Amino acid sequence: MPELSVVITVLNERENIKPLIEEIRKALSLIDYEVVFVDDGSDDGTQQEIVSHADDRIKLVELRKNYGQSTAMTAGIDHTTGEYVALLDGDLQNDPNDIPFMLKKLKDEDWDVVAGNRKNRQDGMVLRKIPSKIANALIRRMTGVYIKDYGCTLKIFRREIAENLGLYGELHRFIPVLAKLQGARITQVDVTHHARKFGKSKYGINRTFKVISDLILMVFFRKYIQKPMHLFGSVGFVAFFLGVLINMYLLILKLLGHDIGGKPLLILGLIFLLGGVQLITLGILAEVNVRTYFESQNKKTYQVRKVYSGKLVMKPANITA
C-alpha cells in the first residue's frame, strides 16, 4: 500500500500529460506514491500518451464515455490503494510541488482534509475570477463551510473521507461541503496556480445554473438531510397559517354581505392552504424516506473518527445494527 494516491481526471489533455508526469515524479520523489489517471472520454490520444509515459507507479482508468468530472473522480478514488488521497487537475495549472507540504500538514496537525486556495490565480477576470468569487461567497454563506476557493481541485484527504464523499452528478465543486457532512476537520493552504499552456479549458459561464442547482441540494444536505420535516414542516405550517388567516378574513367579509367570489385574495388563500398541507405531507414522506435510507442499509446517522483506549488510538469499528 503506497502512502499517497494521486487522482487525476483528464479530458483531451494529451499535450499536458508528459510534463505533468515529469513534474509529479520530481515533486513526490521522497514519497511512496501512486498516480491514478482517469480518462473521461478523450478523443485526442490522451490515453496513448499516458500509457507511453507510464511506469509501475502509474495506473490508467479509461472510462467508456464522458461521464463528467465528479463521476471520473469517483472512479479514480475507487481504484486507489493509498492511505491518503490527493486530487489534482490534469491541465498543469495545479502544481504538484504543493502536495508534499499539504500532506505533511494533514499528518502533523491531524486534519482530515487540506484544501488548496489558488493565491495568484492565472485565469481570465471576467469569465473566471469574478464569477468564481461570487460563487465562493454564496456557497460559504449558504452552507456555513468557510473555504476560500471551492473551485481549486488540489486537495488531500484521509482515505476514509475520500471513499465516502458521494460524488454524484457534478458535486465535485462542493467537495468540502460533502466532507464536512462526514464531520471532517478541514483546513486550507495557499497553493501555486499556473496559466494554462496547452489545450482548452472545459469550464465556462454556462455552468452557473448547474452550480446554483447543486448549491440548493448542498444546503438541504448540510442542514436538513436528517431532519427534512424541519424544512418542509416549518414552511408548510407558515403557509397553512397564512391561508387560514386570509380565509377567515374573507369569511367575515362574506358574513357582512360583501362579494368575495371575484377577489384574487380568495385564490391566494386557497393556494396557501393547499400548499401548506402539501408541504407538511412532503415533510412526513421525506422523514420516512430518510429512515428507510439509513435503516435498510444498516447505515448510522453518525461517523466515528477515532477511538482512544488509554494512550492508544484505534481505528473505529464498522458497527452495523
# chains A, B, ... in the order shown; residues from 1 in each chain; ligands from 1
call {"tool": "residues_around", "arguments": {"residues": "Met229 of chain A", "least_positions_apart": "3", "cutoff": "12 Å", "atoms": "only C-alpha atoms", "output": "PyMOL selection string"}}
result
chain A and resi 220+223-226+232-237+279-290
call {"tool": "residues_around", "arguments": {"residues": "Leu103 of chain A", "least_positions_apart": "6", "cutoff": "10 Å", "atoms": "only C-alpha atoms", "output": "PyMOL selection string"}}
result
chain A and resi 3-4+31+84-86+111+113-114+155-158
call {"tool": "residues_around", "arguments": {"residues": "Arg121 of chain A", "least_positions_apart": "3", "cutoff": "12 Å", "atoms": "only C-alpha atoms", "output": "list in words"}}
result
Gln93, Asn94, Gly116, Asn117, Arg118, Gly124, Met125, Arg128, Lys129, Ile130, Ser132, Lys133, Asp149, Gly151, Cys152, Asp190, Val191, Thr192, His193, His194, Ala195 and Arg196 of chain A
call {"tool": "residues_around", "arguments": {"residues": "Arg57 of chain A", "least_positions_apart": "3", "cutoff": "10 Å", "atoms": "only C-alpha atoms", "output": "PyMOL selection string"}}
result
chain A and resi 2+5+25+32-36+54
call {"tool": "closest_residue", "arguments": {"among": "A:Gly144, A:Pro176, A:Gly90, A:Gly169", "to": "Lys200 of chain A", "atoms": "only C-alpha atoms"}}
result
A:Gly90
call {"tool": "atom_distance", "arguments": {"atom1": "atom CA of Met218 of chain A", "atom2": "atom CA of Thr143 of chain A"}}
result
7.1 Å
call {"tool": "atom_distance", "arguments": {"atom1": "atom CA of Leu273 of chain A", "atom2": "atom CA of Ala239 of chain A"}}
result
6.5 Å
call {"tool": "closest_residue", "arguments": {"among": "A:Val10, A:Val244, A:Ala184, A:Leu154", "to": "Thr71 of chain A", "atoms": "only C-alpha atoms"}}
result
A:Val10
call {"tool": "select_by_dssp", "arguments": {"residues": "segment 14-64 of chain A", "states": "helix (DSSP H, G or I)", "output": "PyMOL selection string"}}
result
chain A and resi 14-27+46-52
call {"tool": "closest_residue", "arguments": {"among": "A:Phe101, A:Phe272, A:Tyr146, A:Phe37", "to": "Val177 of chain A", "atoms": "only C-alpha atoms"}}
result
A:Tyr146
call {"tool": "closest_residue", "arguments": {"among": "A:Lys65, A:Leu268, A:Asp56, A:Lys210", "to": "Phe240 of chain A", "atoms": "only C-alpha atoms"}}
result
A:Leu268
call {"tool": "closest_residue", "arguments": {"among": "A:Arg222, A:Arg141, A:Lys148, A:Lys227", "to": "Leu181 of chain A", "atoms": "only C-alpha atoms"}}
result
A:Arg222
call {"tool": "closest_residue", "arguments": {"among": "A:Val211, A:His230, A:Lys180, A:Ile77", "to": "Glu163 of chain A", "atoms": "only C-alpha atoms"}}
result
A:Ile77
call {"tool": "atom_distance", "arguments": {"atom1": "atom CA of Asp112 of chain A", "atom2": "atom CA of Arg185 of chain A"}}
result
5.1 Å
call {"tool": "select_by_dssp", "arguments": {"residues": "segment 75-150 of chain A", "states": "strand (DSSP E or B)", "output": "PyMOL selection string"}}
result
chain A and resi 84-89+94+113-118
call {"tool": "decode", "arguments": {"residues": "segment 133-149 of chain A", "atoms": "N, CA and C atoms", "output": "mmCIF file, in the first residue's frame"}}
result
data_model
loop_
_atom_site.group_PDB
_atom_site.id
_atom_site.type_symbol
_atom_site.label_atom_id
_atom_site.label_comp_id
_atom_site.auth_asym_id
_atom_site.auth_seq_id
_atom_site.Cartn_x
_atom_site.Cartn_y
_atom_site.Cartn_z
ATOM 1 N N LYS A 133 -15.505 34.211 -7.556
ATOM 2 C CA LYS A 133 -15.569 34.909 -6.269
ATOM 3 C C LYS A 133 -17.011 35.008 -5.777
ATOM 4 N N ILE A 134 -17.918 35.306 -6.689
ATOM 5 C CA ILE A 134 -19.335 35.399 -6.307
ATOM 6 C C ILE A 134 -19.852 34.050 -5.846
ATOM 7 N N ALA A 135 -19.513 32.989 -6.613
ATOM 8 C CA ALA A 135 -19.966 31.646 -6.264
ATOM 9 C C ALA A 135 -19.396 31.199 -4.922
ATOM 10 N N ASN A 136 -18.103 31.450 -4.702
ATOM 11 C CA ASN A 136 -17.476 31.066 -3.432
ATOM 12 C C ASN A 136 -18.135 31.750 -2.248
ATOM 13 N N ALA A 137 -18.406 33.051 -2.390
ATOM 14 C CA ALA A 137 -19.049 33.797 -1.301
ATOM 15 C C ALA A 137 -20.453 33.257 -1.025
ATOM 16 N N LEU A 138 -21.189 32.940 -2.090
ATOM 17 C CA LEU A 138 -22.545 32.422 -1.943
ATOM 18 C C LEU A 138 -22.545 31.052 -1.276
ATOM 19 N N ILE A 139 -21.628 30.189 -1.694
ATOM 20 C CA ILE A 139 -21.545 28.845 -1.109
ATOM 21 C C ILE A 139 -21.173 28.917 0.365
ATOM 22 N N ARG A 140 -20.187 29.767 0.690
ATOM 23 C CA ARG A 140 -19.799 29.916 2.101
ATOM 24 C C ARG A 140 -20.973 30.391 2.940
ATOM 25 N N ARG A 141 -21.695 31.368 2.422
ATOM 26 C CA ARG A 141 -22.805 31.956 3.164
ATOM 27 C C ARG A 141 -23.932 30.939 3.394
ATOM 28 N N MET A 142 -24.251 30.161 2.359
ATOM 29 C CA MET A 142 -25.416 29.281 2.436
ATOM 30 C C MET A 142 -25.127 27.931 3.080
ATOM 31 N N THR A 143 -23.877 27.477 3.037
ATOM 32 C CA THR A 143 -23.558 26.159 3.598
ATOM 33 C C THR A 143 -22.883 26.229 4.955
ATOM 34 N N GLY A 144 -22.276 27.385 5.267
ATOM 35 C CA GLY A 144 -21.573 27.505 6.529
ATOM 36 C C GLY A 144 -20.227 26.811 6.550
ATOM 37 N N VAL A 145 -19.724 26.401 5.389
ATOM 38 C CA VAL A 145 -18.400 25.794 5.275
ATOM 39 C C VAL A 145 -17.477 26.840 4.672
ATOM 40 N N TYR A 146 -16.579 27.366 5.485
ATOM 41 C CA TYR A 146 -15.828 28.558 5.085
ATOM 42 C C TYR A 146 -14.487 28.195 4.443
ATOM 43 N N ILE A 147 -14.561 27.881 3.165
ATOM 44 C CA ILE A 147 -13.392 27.627 2.329
ATOM 45 C C ILE A 147 -13.302 28.769 1.321
ATOM 46 N N LYS A 148 -12.100 29.333 1.149
ATOM 47 C CA LYS A 148 -11.951 30.483 0.256
ATOM 48 C C LYS A 148 -12.172 30.111 -1.205
ATOM 49 N N ASP A 149 -11.676 28.944 -1.609
ATOM 50 C CA ASP A 149 -11.641 28.608 -3.033
ATOM 51 C C ASP A 149 -12.235 27.216 -3.259
#
